[in-house]
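K.L.:
One file: entry-v9.cif (mmCIF, C-alpha atoms).
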data_target
#
loop_
_atom_site.label_atom_id
_atom_site.label_comp_id
_atom_site.auth_asym_id
_atom_site.auth_seq_id
_atom_site.Cartn_x
_atom_site.Cartn_y
_atom_site.Cartn_z
CA MET A 1 10.30 -10.56 -25.90
CA THR A 2 7.44 -12.92 -25.14
CA ASP A 3 5.00 -13.28 -27.95
CA ALA A 4 2.46 -10.62 -27.12
CA LYS A 5 -0.48 -12.21 -28.86
CA GLN A 6 0.03 -15.51 -27.13
CA LEU A 7 0.22 -13.95 -23.70
CA LEU A 8 -2.69 -11.72 -24.41
CA LEU A 9 -5.07 -14.23 -25.83
CA ASN A 10 -4.90 -16.94 -23.24
CA ASP A 11 -6.41 -14.91 -20.47
CA HIS A 12 -10.08 -15.54 -20.57
CA GLY A 13 -11.34 -19.06 -21.00
CA LYS A 14 -10.35 -20.07 -17.51
CA THR A 15 -12.26 -17.49 -15.64
CA ARG A 16 -15.28 -17.31 -17.84
CA ASN A 17 -16.64 -20.76 -17.19
CA ARG A 18 -17.71 -20.05 -13.64
CA ARG A 19 -21.39 -20.37 -13.01
CA PRO A 20 -23.16 -17.04 -12.99
CA ILE A 21 -24.37 -15.93 -9.63
CA SER A 22 -28.07 -16.37 -8.96
CA GLY A 23 -28.39 -14.47 -5.73
CA VAL A 24 -27.60 -10.90 -6.60
CA PHE A 25 -31.09 -9.91 -7.63
CA GLY A 26 -33.00 -11.65 -4.92
CA PRO A 27 -32.71 -13.62 -1.70
CA ILE A 28 -30.90 -16.91 -1.93
CA GLY A 29 -31.45 -19.93 0.22
CA SER A 30 -28.72 -21.81 1.99
CA GLY A 31 -28.82 -24.62 -0.58
CA ALA A 32 -28.17 -22.27 -3.45
CA ARG A 33 -25.49 -20.59 -1.41
CA ALA A 34 -23.54 -23.78 -0.89
CA ALA A 35 -23.76 -24.57 -4.59
CA ILE A 36 -22.26 -21.31 -5.80
CA MET A 37 -19.46 -20.98 -3.28
CA THR A 38 -16.06 -20.94 -4.92
CA ASP A 39 -12.70 -20.43 -3.28
CA TYR A 40 -10.10 -18.01 -4.53
CA PHE A 41 -6.54 -16.92 -3.91
CA LEU A 42 -5.83 -13.38 -2.69
CA CYS A 43 -2.52 -12.44 -1.04
CA GLY A 44 -2.12 -16.00 0.18
CA TRP A 45 -5.53 -15.93 1.86
CA ARG A 46 -8.11 -18.53 1.02
CA VAL A 47 -11.19 -16.52 0.05
CA HIS A 48 -14.58 -18.19 0.18
CA SER A 49 -17.09 -16.12 -1.79
CA GLU A 50 -20.78 -16.10 -2.65
CA LEU A 51 -19.99 -13.63 -5.38
CA ASN A 52 -18.19 -14.70 -8.52
CA LEU A 53 -14.71 -13.18 -8.47
CA PRO A 54 -13.25 -13.94 -11.90
CA GLU A 55 -10.41 -11.45 -11.34
CA LEU A 56 -8.94 -13.69 -8.64
CA ALA A 57 -6.89 -16.79 -9.27
CA PRO A 58 -8.56 -19.99 -8.06
CA TRP A 59 -7.41 -21.33 -4.69
CA SER A 60 -4.94 -24.14 -5.20
CA GLY A 61 -3.40 -24.26 -1.74
CA ASP A 62 -4.05 -26.54 1.23
CA ASP A 63 -7.50 -27.45 2.56
CA ARG A 64 -7.38 -24.92 5.38
CA GLN A 65 -10.42 -23.05 6.62
CA PRO A 66 -11.08 -19.90 4.59
CA ASP A 67 -9.16 -16.83 5.76
CA VAL A 68 -11.79 -14.46 4.37
CA VAL A 69 -15.46 -15.17 3.71
CA ILE A 70 -17.50 -12.92 1.39
CA ARG A 71 -21.24 -13.26 1.89
CA LEU A 72 -24.36 -11.68 0.50
CA GLY A 73 -26.52 -10.31 3.29
CA GLU A 74 -27.96 -7.29 4.94
CA VAL A 75 -25.85 -4.32 5.88
CA PRO A 76 -27.12 -1.74 8.41
CA GLU A 77 -27.57 1.93 7.52
CA ARG A 78 -25.43 3.09 10.40
CA LEU A 79 -22.65 1.77 12.62
CA ASP A 80 -22.17 3.05 16.19
CA ASP A 81 -19.21 4.56 17.96
CA LEU A 82 -17.68 5.93 14.77
CA VAL A 83 -14.13 7.13 14.28
CA GLU A 84 -14.71 7.83 10.58
CA ASP A 85 -18.01 9.05 9.21
CA SER A 86 -18.59 10.27 5.67
CA PRO A 87 -21.50 9.86 3.24
CA PHE A 88 -19.85 6.81 1.71
CA GLN A 89 -17.81 5.35 4.54
CA GLN A 90 -18.13 4.55 8.24
CA ILE A 91 -15.51 2.97 10.49
CA ASP A 92 -16.23 2.20 14.12
CA ARG A 93 -13.94 1.86 17.11
CA ARG A 94 -14.03 -1.95 17.02
CA GLY A 95 -12.73 -2.05 13.45
CA ASN A 96 -15.94 -2.57 11.50
CA CYS A 97 -15.75 -0.83 8.13
CA MET A 98 -18.74 0.03 5.99
CA LEU A 99 -18.73 1.35 2.45
CA ARG A 100 -21.92 2.56 0.75
CA ILE A 101 -21.86 3.18 -2.99
CA GLU A 102 -25.05 4.56 -4.39
CA LYS A 103 -26.75 2.31 -6.98
CA VAL A 104 -24.05 -0.34 -6.53
CA ALA A 105 -23.88 -1.93 -3.07
CA ALA A 106 -23.25 -1.54 0.63
CA TYR A 107 -20.26 -3.46 2.00
CA LEU A 108 -19.58 -4.30 5.63
CA VAL A 109 -16.23 -5.67 6.75
CA THR A 110 -16.62 -7.12 10.24
CA GLY A 111 -12.92 -7.63 10.90
CA PRO A 112 -10.18 -9.41 8.97
CA HIS A 113 -12.24 -12.51 8.18
CA GLN A 114 -15.66 -11.48 6.88
CA VAL A 115 -17.18 -9.21 4.25
CA ILE A 116 -20.95 -8.82 3.83
CA VAL A 117 -22.22 -7.39 0.56
CA ALA A 118 -25.72 -5.98 0.01
CA PRO A 119 -26.09 -5.29 -3.73
CA ARG A 120 -28.56 -2.66 -4.90
CA PRO A 121 -31.33 -3.90 -7.20
CA GLY A 122 -30.34 -4.21 -10.83
CA VAL A 123 -26.60 -3.70 -10.36
CA GLY A 124 -24.17 -5.77 -12.43
CA GLU A 125 -21.66 -8.07 -10.80
CA ALA A 126 -18.65 -6.37 -12.37
CA GLU A 127 -19.72 -3.08 -10.82
CA ILE A 128 -19.97 -4.72 -7.38
CA ARG A 129 -16.45 -6.10 -7.73
CA VAL A 130 -14.92 -2.72 -8.60
CA PHE A 131 -15.35 -1.60 -4.98
CA LEU A 132 -14.82 -5.03 -3.48
CA LEU A 133 -11.38 -5.25 -5.08
CA SER A 134 -10.37 -1.68 -4.22
CA SER A 135 -11.85 -0.08 -1.10
CA VAL A 136 -12.91 -3.29 0.62
CA PHE A 137 -9.59 -4.92 -0.24
CA GLY A 138 -7.92 -1.89 1.35
CA TYR A 139 -9.86 -2.39 4.60
CA LEU A 140 -8.79 -6.04 4.70
CA CYS A 141 -5.14 -5.16 4.19
CA HIS A 142 -5.18 -2.64 7.03
CA LEU A 143 -7.18 -4.94 9.32
CA ARG A 144 -4.60 -7.66 8.70
CA GLY A 145 -1.68 -5.42 9.64
CA LEU A 146 -0.26 -5.33 6.12
CA PHE A 147 1.25 -2.35 4.34
CA PRO A 148 -0.55 -1.67 1.04
CA LEU A 149 1.09 0.54 -1.56
CA HIS A 150 -0.97 2.15 -4.30
CA GLY A 151 0.73 0.73 -7.34
CA SER A 152 1.39 -2.22 -9.59
CA CYS A 153 4.00 -4.89 -8.96
CA VAL A 154 5.96 -7.43 -11.01
CA ALA A 155 8.71 -9.91 -10.13
CA ILE A 156 12.04 -9.19 -11.84
CA GLY A 157 14.69 -11.83 -11.30
CA GLY A 158 13.10 -13.07 -8.06
CA LYS A 159 12.58 -9.60 -6.64
CA ALA A 160 9.23 -7.85 -6.36
CA VAL A 161 9.29 -4.37 -7.84
CA ALA A 162 6.49 -1.90 -7.12
CA PHE A 163 5.49 0.99 -9.40
CA CYS A 164 3.76 3.90 -7.73
CA GLY A 165 2.86 7.37 -8.85
CA PRO A 166 0.01 9.72 -9.58
CA SER A 167 -2.88 8.75 -11.81
CA GLY A 168 -1.69 8.62 -15.42
CA ALA A 169 1.97 8.07 -14.51
CA GLY A 170 1.87 4.64 -16.16
CA LYS A 171 1.66 2.18 -13.24
CA SER A 172 -0.42 -0.42 -15.09
CA THR A 173 1.18 0.20 -18.47
CA THR A 174 4.61 -0.40 -16.99
CA ALA A 175 3.38 -3.62 -15.40
CA VAL A 176 1.85 -4.93 -18.62
CA GLN A 177 4.99 -4.05 -20.54
CA LEU A 178 7.18 -5.89 -18.05
CA ALA A 179 4.80 -8.86 -18.16
CA LEU A 180 5.21 -8.90 -21.94
CA ARG A 181 8.96 -9.02 -21.40
CA GLY A 182 8.51 -12.23 -19.42
CA HIS A 183 8.31 -10.95 -15.85
CA ARG A 184 5.56 -12.23 -13.60
CA LEU A 185 2.71 -9.98 -12.58
CA LEU A 186 2.12 -9.75 -8.81
CA ALA A 187 -0.42 -6.96 -8.49
CA ASP A 188 -2.12 -4.07 -10.19
CA ASP A 189 -3.40 -1.08 -8.26
CA VAL A 190 -2.71 -2.44 -4.76
CA CYS A 191 0.72 -3.89 -3.92
CA VAL A 192 0.36 -5.62 -0.55
CA ILE A 193 3.51 -5.82 1.56
CA ASP A 194 4.09 -7.94 4.63
CA ALA A 195 6.80 -5.72 6.07
CA HIS A 196 7.28 -7.78 9.23
CA ALA A 197 8.08 -11.08 7.53
CA GLN A 198 11.08 -12.87 9.00
CA ALA A 199 13.02 -12.81 5.75
CA GLY A 200 12.38 -9.07 5.23
CA PRO A 201 9.48 -7.30 3.48
CA GLN A 202 7.56 -9.60 1.14
CA VAL A 203 5.00 -8.78 -1.52
CA LEU A 204 1.87 -10.92 -1.24
CA PRO A 205 0.56 -11.35 -4.80
CA ALA A 206 -2.98 -10.06 -5.19
CA PHE A 207 -4.67 -10.99 -8.46
CA PRO A 208 -3.85 -11.20 -12.16
CA ARG A 209 -5.76 -8.24 -13.47
CA LEU A 210 -4.61 -5.01 -15.03
CA LYS A 211 -6.81 -1.98 -15.59
CA LEU A 212 -5.80 -0.57 -18.95
CA TRP A 213 -7.08 2.38 -20.94
CA GLU A 214 -8.39 1.72 -24.42
CA ASP A 215 -5.43 3.47 -26.07
CA THR A 216 -2.97 1.31 -24.14
CA LEU A 217 -4.78 -1.85 -25.28
CA ALA A 218 -4.65 -0.58 -28.84
CA ALA A 219 -0.94 0.23 -28.59
CA PHE A 220 -0.20 -3.36 -27.52
CA ASN A 221 -2.62 -4.92 -30.04
CA ILE A 222 -4.79 -6.33 -27.29
CA SER A 223 -8.36 -6.76 -28.48
CA ARG A 224 -10.90 -5.32 -26.08
CA GLU A 225 -13.46 -7.81 -27.27
CA GLY A 226 -14.59 -9.86 -24.29
CA LEU A 227 -12.88 -7.61 -21.76
CA ASP A 228 -15.01 -6.03 -19.02
CA ARG A 229 -15.10 -2.30 -18.70
CA ASN A 230 -13.82 -1.06 -15.37
CA ARG A 231 -16.96 0.98 -14.83
CA PHE A 232 -19.99 1.51 -17.01
CA GLY A 233 -19.18 4.00 -19.78
CA GLN A 234 -15.46 4.17 -18.90
CA ASP A 235 -12.82 3.49 -21.56
CA LYS A 236 -10.77 1.51 -19.08
CA TYR A 237 -10.81 -2.25 -19.40
CA HIS A 238 -9.92 -5.26 -17.29
CA TYR A 239 -7.24 -7.39 -18.82
CA ARG A 240 -6.37 -10.67 -17.07
CA PRO A 241 -3.05 -12.25 -17.98
CA ILE A 242 -3.65 -15.17 -15.61
CA GLU A 243 -0.83 -17.24 -17.12
CA SER A 244 1.62 -14.56 -16.12
CA PHE A 245 0.56 -14.48 -12.47
CA LEU A 246 2.78 -15.63 -9.63
CA ALA A 247 1.10 -16.71 -6.39
CA ALA A 248 3.99 -17.18 -3.94
CA PRO A 249 5.27 -14.28 -1.80
CA VAL A 250 8.26 -12.49 -3.34
CA PRO A 251 10.85 -10.42 -1.43
CA LEU A 252 10.46 -6.72 -2.12
CA GLY A 253 13.44 -5.58 -4.17
CA GLY A 254 12.60 -2.02 -5.18
CA VAL A 255 10.03 0.73 -5.37
CA PHE A 256 9.79 3.11 -8.31
CA LEU A 257 8.00 6.43 -8.03
CA LEU A 258 6.95 7.02 -11.62
CA ARG A 259 6.59 10.53 -13.01
CA ARG A 260 6.00 11.83 -16.50
CA ALA A 261 8.75 14.03 -17.85
CA GLY A 262 7.61 17.38 -19.23
CA PRO A 263 8.67 20.97 -19.64
CA ASP A 264 9.11 21.38 -15.87
CA ALA A 265 10.23 17.83 -15.13
CA PRO A 266 13.39 16.64 -16.91
CA GLU A 267 14.04 12.94 -17.38
CA GLU A 268 15.93 11.50 -14.44
CA SER A 269 16.40 8.47 -12.24
CA VAL A 270 17.26 9.34 -8.66
CA GLN A 271 17.65 6.95 -5.76
CA LEU A 272 16.29 8.44 -2.54
CA SER A 273 18.89 8.50 0.22
CA ARG A 274 17.63 10.47 3.21
CA PRO A 275 15.62 8.33 5.65
CA ALA A 276 12.89 10.93 6.19
CA GLU A 277 12.52 11.35 2.42
CA LYS A 278 12.08 7.59 1.95
CA ILE A 279 9.52 7.38 4.74
CA ALA A 280 7.62 10.38 3.36
CA ALA A 281 7.55 8.83 -0.13
CA LEU A 282 6.25 5.49 1.18
CA SER A 283 3.67 7.29 3.27
CA GLU A 284 2.49 9.27 0.28
CA GLU A 285 2.10 6.14 -1.83
CA MET A 286 0.23 4.16 0.82
CA PHE A 287 -3.14 2.77 -0.28
CA ARG A 288 -6.04 4.18 1.78
CA PRO A 289 -3.97 5.87 4.49
CA ARG A 290 -6.97 7.58 6.03
CA GLU A 291 -8.66 4.22 6.61
CA GLY A 292 -5.47 2.77 8.09
CA ALA A 293 -5.28 5.66 10.54
CA ALA A 294 -8.98 5.33 11.45
CA LEU A 295 -8.35 1.66 12.22
CA GLY A 296 -5.60 2.68 14.67
CA LYS A 297 -2.80 1.32 12.50
CA THR A 298 -0.63 4.44 12.33
CA PRO A 299 2.11 3.07 14.64
CA SER A 300 2.38 -0.30 12.85
CA LEU A 301 2.21 1.36 9.43
CA LEU A 302 5.07 3.67 10.38
CA ALA A 303 7.04 0.65 11.61
CA ALA A 304 6.32 -1.06 8.27
CA GLN A 305 7.53 1.99 6.36
CA GLY A 306 10.71 1.93 8.45
CA LEU A 307 11.32 -1.73 7.60
CA VAL A 308 10.69 -1.15 3.90
CA ALA A 309 12.77 2.05 3.75
CA GLY A 310 15.64 0.32 5.57
CA SER A 311 15.77 -2.66 3.23
CA THR A 312 14.54 -1.50 -0.16
CA PRO A 313 15.95 0.96 -2.69
CA ILE A 314 13.46 3.61 -3.76
CA TRP A 315 13.91 5.43 -7.06
CA ARG A 316 12.16 8.43 -8.51
CA LEU A 317 11.97 7.71 -12.21
CA THR A 318 10.89 10.58 -14.42
CA ARG A 319 10.68 9.62 -18.07
CA ARG A 320 8.93 10.59 -21.25
CA PHE A 321 5.82 8.45 -21.40
CA ASP A 322 6.25 7.53 -24.98
CA LEU A 323 5.34 3.97 -25.97
CA ALA A 324 7.95 4.03 -28.75
CA ASP A 325 10.65 4.88 -26.24
CA MET A 326 9.55 2.42 -23.61
CA ASP A 327 12.15 -0.29 -24.21
CA ARG A 328 14.88 2.05 -23.14
CA TRP A 329 13.61 2.81 -19.64
CA LEU A 330 12.20 -0.68 -19.11
CA ARG A 331 15.76 -1.94 -19.66
CA GLN A 332 16.91 0.72 -17.22
CA ILE A 333 14.51 -0.65 -14.59
CA GLU A 334 15.69 -4.22 -15.20
CA THR A 335 19.32 -3.16 -14.91
CA LEU A 336 18.76 -1.24 -11.67
CA ILE A 337 16.98 -4.21 -10.09
CA GLU A 338 19.32 -6.90 -11.33
CA SER A 339 22.49 -5.03 -10.33
CA MET B 1 13.38 29.04 25.77
CA ILE B 2 14.84 25.97 27.42
CA ALA B 3 17.38 26.40 30.25
CA LEU B 4 20.30 24.12 31.10
CA THR B 5 18.64 23.28 34.40
CA ASP B 6 15.37 22.20 32.76
CA ASN B 7 14.36 18.57 32.48
CA VAL B 8 13.37 17.31 29.05
CA VAL B 9 11.54 14.15 28.04
CA ARG B 10 10.15 13.05 24.70
CA ARG B 11 6.40 12.81 24.32
CA GLN B 12 5.37 9.20 24.75
CA GLU B 13 2.77 9.51 22.00
CA ALA B 14 5.34 10.71 19.45
CA LEU B 15 5.67 8.01 16.82
CA SER B 16 9.00 7.13 15.34
CA THR B 17 10.76 4.51 13.29
CA VAL B 18 14.39 3.73 12.54
CA VAL B 19 15.91 3.70 9.04
CA ASP B 20 19.60 2.99 8.46
CA GLY B 21 20.24 3.49 12.17
CA CYS B 22 18.63 6.93 12.27
CA VAL B 23 15.33 7.91 13.86
CA VAL B 24 12.55 9.34 11.71
CA LEU B 25 9.71 10.99 13.63
CA LEU B 26 6.14 11.47 12.53
CA ASP B 27 5.18 15.05 13.18
CA SER B 28 1.50 14.17 13.08
CA ALA B 29 0.28 17.74 13.66
CA HIS B 30 1.93 18.78 10.41
CA GLN B 31 1.70 15.47 8.52
CA ASN B 32 5.41 15.67 8.12
CA PHE B 33 8.43 13.47 8.81
CA VAL B 34 11.47 14.66 10.70
CA GLY B 35 14.72 12.77 10.18
CA PHE B 36 17.58 12.84 12.69
CA ASP B 37 21.29 12.30 12.11
CA ASP B 38 23.41 10.09 14.44
CA ILE B 39 23.61 12.72 17.17
CA GLY B 40 19.90 13.60 16.93
CA THR B 41 19.13 9.89 17.14
CA TYR B 42 21.35 9.57 20.21
CA ILE B 43 19.62 12.52 21.90
CA TRP B 44 16.15 11.20 21.04
CA ARG B 45 17.04 7.91 22.76
CA ALA B 46 18.61 9.73 25.73
CA ILE B 47 15.42 11.70 26.43
CA GLU B 48 13.19 8.65 26.56
CA SER B 49 13.01 9.31 30.31
CA PRO B 50 13.43 12.76 31.89
CA ILE B 51 16.97 14.11 31.97
CA SER B 52 18.34 17.59 32.68
CA VAL B 53 19.74 19.45 29.69
CA ALA B 54 23.02 19.89 31.59
CA ASP B 55 23.36 16.13 32.15
CA LEU B 56 22.52 15.48 28.51
CA CYS B 57 25.24 17.90 27.37
CA ALA B 58 27.76 16.37 29.77
CA ASP B 59 26.97 12.93 28.37
CA LEU B 60 27.37 14.17 24.79
CA SER B 61 30.68 15.92 25.48
CA GLU B 62 32.03 12.59 26.72
CA ARG B 63 30.95 10.88 23.50
CA TYR B 64 31.81 13.54 20.96
CA ALA B 65 35.02 15.53 20.85
CA ALA B 66 33.67 19.07 20.77
CA GLN B 67 33.78 22.09 23.00
CA ARG B 68 31.19 22.10 25.72
CA SER B 69 29.90 25.51 24.60
CA VAL B 70 29.39 24.25 21.04
CA ILE B 71 27.56 21.17 22.26
CA GLU B 72 25.31 23.22 24.53
CA SER B 73 24.44 25.63 21.77
CA ASP B 74 23.67 22.80 19.28
CA VAL B 75 21.65 20.83 21.82
CA MET B 76 19.61 23.90 22.77
CA GLN B 77 18.84 24.60 19.14
CA PHE B 78 17.81 20.99 18.57
CA LEU B 79 15.63 20.79 21.68
CA ASN B 80 13.95 24.12 20.97
CA ARG B 81 13.01 22.87 17.54
CA LEU B 82 11.51 19.70 19.04
CA LEU B 83 9.62 21.83 21.56
CA GLN B 84 8.19 23.99 18.78
CA GLN B 85 7.01 20.84 17.04
CA ASP B 86 5.49 19.68 20.33
CA LEU B 87 7.55 16.48 20.32
CA ILE B 88 9.06 16.92 23.82
CA GLU B 89 7.97 18.13 27.24
CA VAL B 90 10.07 20.53 29.29
CA THR B 91 9.77 21.03 33.05
CA SER B 92 11.66 23.56 35.14
CA PRO B 93 12.90 22.52 38.61
CA ALA B 94 10.78 23.99 41.43
#
Once you've parsed the file, please lay out its structure as structure tokens.

P.N.:
Amino acid sequence: MTDAKQLLLNDHGKTRNRRPISGVFGPIGSGARAAIMTDYFLCGWRVHSELNLPELAPWSGDDRQPDVVIRLGEVPERLDDLVEDSPFQQIDRRGNCMLRIEKVAAYLVTGPHQVIVAPRPGVGEAEIRVFLLSSVFGYLCHLRGLFPLHGSCVAIGGKAVAFCGPSGAGKSTTAVQLALRGHRLLADDVCVIDAHAQAGPQVLPAFPRLKLWEDTLAAFNISREGLDRNRFGQDKYHYRPIESFLAAPVPLGGVFLLRRAGPDAPEESVQLSRPAEKIAALSEEMFRPREGAALGKTPSLLAAQGLVAGSTPIWRLTRRFDLADMDRWLRQIETLIES
Amino acid sequence: MIALTDNVVRRQEALSTVVDGCVVLLDSAHQNFVGFDDIGTYIWRAIESPISVADLCADLSERYAAQRSVIESDVMQFLNRLLQQDLIEVTSPA
């Protein structure tokens, strides 16, 4: 096993040195804007951002134009011609997506290339990023014709393996455990799949951050000192094993549907075989399906599910979620993937 | 009920995908997926444009070694299920 402490302690320095943003609490001029722009890596896209995004790996690719630009600016109260309208979200027929989070920010995605963020007065940057890296990221995936799964992802022996399941099933814990065993982290929370890639479905690595509960950190002897809380008052922390992150696309080699064993759910590992069952499972684990449908992506998402289901084994893995017993089923996962 | 003389055609808006050679349909009204076997997949492809049930059964009896009466009964059952799920359109000849 990789030395836990070593892996766990080298995560911060790199991301912390970025200049703090000056524009969140007031208007910023174009000069200031140019000075604070930093480019990042996200799913192979070059992201140009006026907001600090320490969760993302720095861009180290070619000198292409940015694929996505994140700006601070004004966001309207209402969009027109809506296909989706709720107190926190509006999506219009042309594919503009707006998210409004009280006391945090309003976000407007004007297509696959631009995000405008209007922070509320007094909000912290970390809070702004929570929604940028979840809901807004989901809009971008759907707008770009990708298939996002709600789950974590690591590379095992050159194959990307996704871990899905209900909240508390151990998606992030499994990923951190596999990272500690020397496998590269590809994503936490949102596993982005390019199902139409020539070489078969590929996972596009997102960013090297895991959201871990305090008890999980404690179990792995990770100090929470210096880690950001996921949300104010929440005992869930952001842990960034940047050294363990892999940036190149990786062919999808398996999907695990994680479940906790209990009185009504015996331990088992079952590979799904019926096509409709595989499609239904992938559909259920899709990230932000409602938004994908509102953006008119249902046909291409179904095609993506067909490509994934046709090329990728899907297992339902029900196991006792006992940290002491973890080695056993982690080895089971490695064996299934490497065989 | 569908008659042998009726024409059937799949709904153009019905969404489907193919996994391991078999069609899986999205039954969007019920947020459900319907998987077909080889024969169901063959029929789904055959009804992409309108065809009479009798012609469809004749075609199938050439492909599969089964009694015509068995094929007709199975096809009727299959098509009636698709009709219930609003995945096909049926028109009777004038």

K.L.:
Name the residues captured by the PyMOL selection byres ((chain A and resi 63-76) around 9) when it is applied to the shown file; answer as a ChimeraX atom specification.

P.N.:
/A:23-24,27-28,39,45-51,60-62,77-79,98,106-108,112-119,140

K.L.:
Just give me the gap between atom CA of B:Val18 and atom CA of B:Ser49 in Å, one decimal is fine.

P.N.:
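So the two atoms, atom CA of B:Val18 and atom CA of B:Ser49, lie 18.7 Å apart.
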
K.L.:
Could you list, as a ChimeraX atom specification, every residue of chain A that has an atom within 10 Å of an atom of chain B, counting all atoms listed in the file?

P.N.:
/A:273-280,283,298-311

K.L.:
Around all of stretch 39-42 of chain B's listed atoms, make the axis-aligned box with 3 Å on each side and tell me centre and edge lengths in Å to one decimal, as lines of an AutoDock Vina configuration file.

P.N.:
center_x = 21.4
center_y = 11.6
center_z = 18.6
size_x = 10.5
size_y = 10.0
size_z = 9.3

K.L.:
I need the output of the PyMOL selection byres ((chain A and resi 86) around 12) for this file as a PyMOL selection string; which residues are they?

P.N.:
chain A and resi 78-79+82-85+87-92+97-101+290-291

K.L.:
Convert the current residue selection to file output with C-alpha atoms, as a JSON list (two decimals), in the coordinates of the input.

P.N.:
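Once everything was written out, this is selection_30.json:
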[["chain", "number", "residue", "atom", "x", "y", "z"],
["A", 78, "ARG", "CA", -25.43, 3.09, 10.40],
["A", 79, "LEU", "CA", -22.65, 1.77, 12.62],
["A", 82, "LEU", "CA", -17.68, 5.93, 14.77],
["A", 83, "VAL", "CA", -14.13, 7.13, 14.28],
["A", 84, "GLU", "CA", -14.71, 7.83, 10.58],
["A", 85, "ASP", "CA", -18.01, 9.05, 9.21],
["A", 87, "PRO", "CA", -21.50, 9.86, 3.24],
["A", 88, "PHE", "CA", -19.85, 6.81, 1.71],
["A", 89, "GLN", "CA", -17.81, 5.35, 4.54],
["A", 90, "GLN", "CA", -18.13, 4.55, 8.24],
["A", 91, "ILE", "CA", -15.51, 2.97, 10.49],
["A", 92, "ASP", "CA", -16.23, 2.20, 14.12],
["A", 97, "CYS", "CA", -15.75, -0.83, 8.13],
["A", 98, "MET", "CA", -18.74, 0.03, 5.99],
["A", 99, "LEU", "CA", -18.73, 1.35, 2.45],
["A", 100, "ARG", "CA", -21.92, 2.56, 0.75],
["A", 101, "ILE", "CA", -21.86, 3.18, -2.99],
["A", 290, "ARG", "CA", -6.97, 7.58, 6.03],
["A", 291, "GLU", "CA", -8.66, 4.22, 6.61]]

K.L.:
Would you please work out which residue, of A:Ala126, A:Cys153, A:Ala261, A:Ala160, is nearest to A:Ala175 when using only C-alpha atoms?

P.N.:
A:Cys153

K.L.:
Between atom CA of A:Gly122 and atom CA of A:Arg231, what is the distance, to one decimal in Å?

P.N.:
14.9 Å

K.L.:
Just the number, please: distance in Å from atom CA of A:Leu146 to atom CA of A:Asp228, one decimal.

P.N.:
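Atom CA of A:Asp228 lies 29.2 Å from atom CA of A:Leu146.
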
K.L.:
Please write the residues picked by the PyMOL selection byres ((chain B and resi 77-93) around 9) on this file as a ChimeraX atom specification.

P.N.:
/B:1-3,5-14,25,27,29-30,40,47,50,72-76,94

K.L.:
Choose the residue, out of A:Gln198, A:Gly168, A:Pro266, A:His183, that has the smallest atom-to-atom separation from A:Trp213; count only C-alpha atoms.

P.N.:
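Using only C-alpha atoms, A:Trp213 sits closest to A:Gly168.
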
K.L.:
Since the input has fewer atoms than a full residue there, write stretch 151-161 of chain A out with N, CA and C atoms, as a compact mmCIF listing (two decimals), in the coordinates of the input.

P.N.:
# COMPACT_ATOMS: atom_id res chain seq x y z
N GLY A 151 -0.10 0.89 -6.16
CA GLY A 151 0.73 0.73 -7.34
C GLY A 151 0.67 -0.69 -7.87
N SER A 152 1.33 -0.88 -9.00
CA SER A 152 1.39 -2.22 -9.59
C SER A 152 2.68 -2.89 -9.13
N CYS A 153 2.80 -4.18 -9.40
CA CYS A 153 4.00 -4.89 -8.96
C CYS A 153 4.28 -6.09 -9.86
N VAL A 154 5.54 -6.26 -10.25
CA VAL A 154 5.96 -7.43 -11.01
C VAL A 154 7.21 -8.00 -10.35
N ALA A 155 7.49 -9.28 -10.66
CA ALA A 155 8.71 -9.91 -10.13
C ALA A 155 9.78 -9.87 -11.22
N ILE A 156 10.91 -9.25 -10.91
CA ILE A 156 12.04 -9.19 -11.84
C ILE A 156 13.20 -9.94 -11.20
N GLY A 157 13.58 -11.05 -11.82
CA GLY A 157 14.69 -11.83 -11.30
C GLY A 157 14.53 -12.21 -9.83
N GLY A 158 13.32 -12.62 -9.45
CA GLY A 158 13.10 -13.07 -8.06
C GLY A 158 12.87 -11.96 -7.07
N LYS A 159 12.85 -10.72 -7.54
CA LYS A 159 12.58 -9.60 -6.64
C LYS A 159 11.29 -8.90 -7.05
N ALA A 160 10.46 -8.57 -6.07
CA ALA A 160 9.23 -7.85 -6.36
C ALA A 160 9.55 -6.37 -6.50
N VAL A 161 9.03 -5.78 -7.57
CA VAL A 161 9.29 -4.37 -7.84
C VAL A 161 7.95 -3.64 -7.97
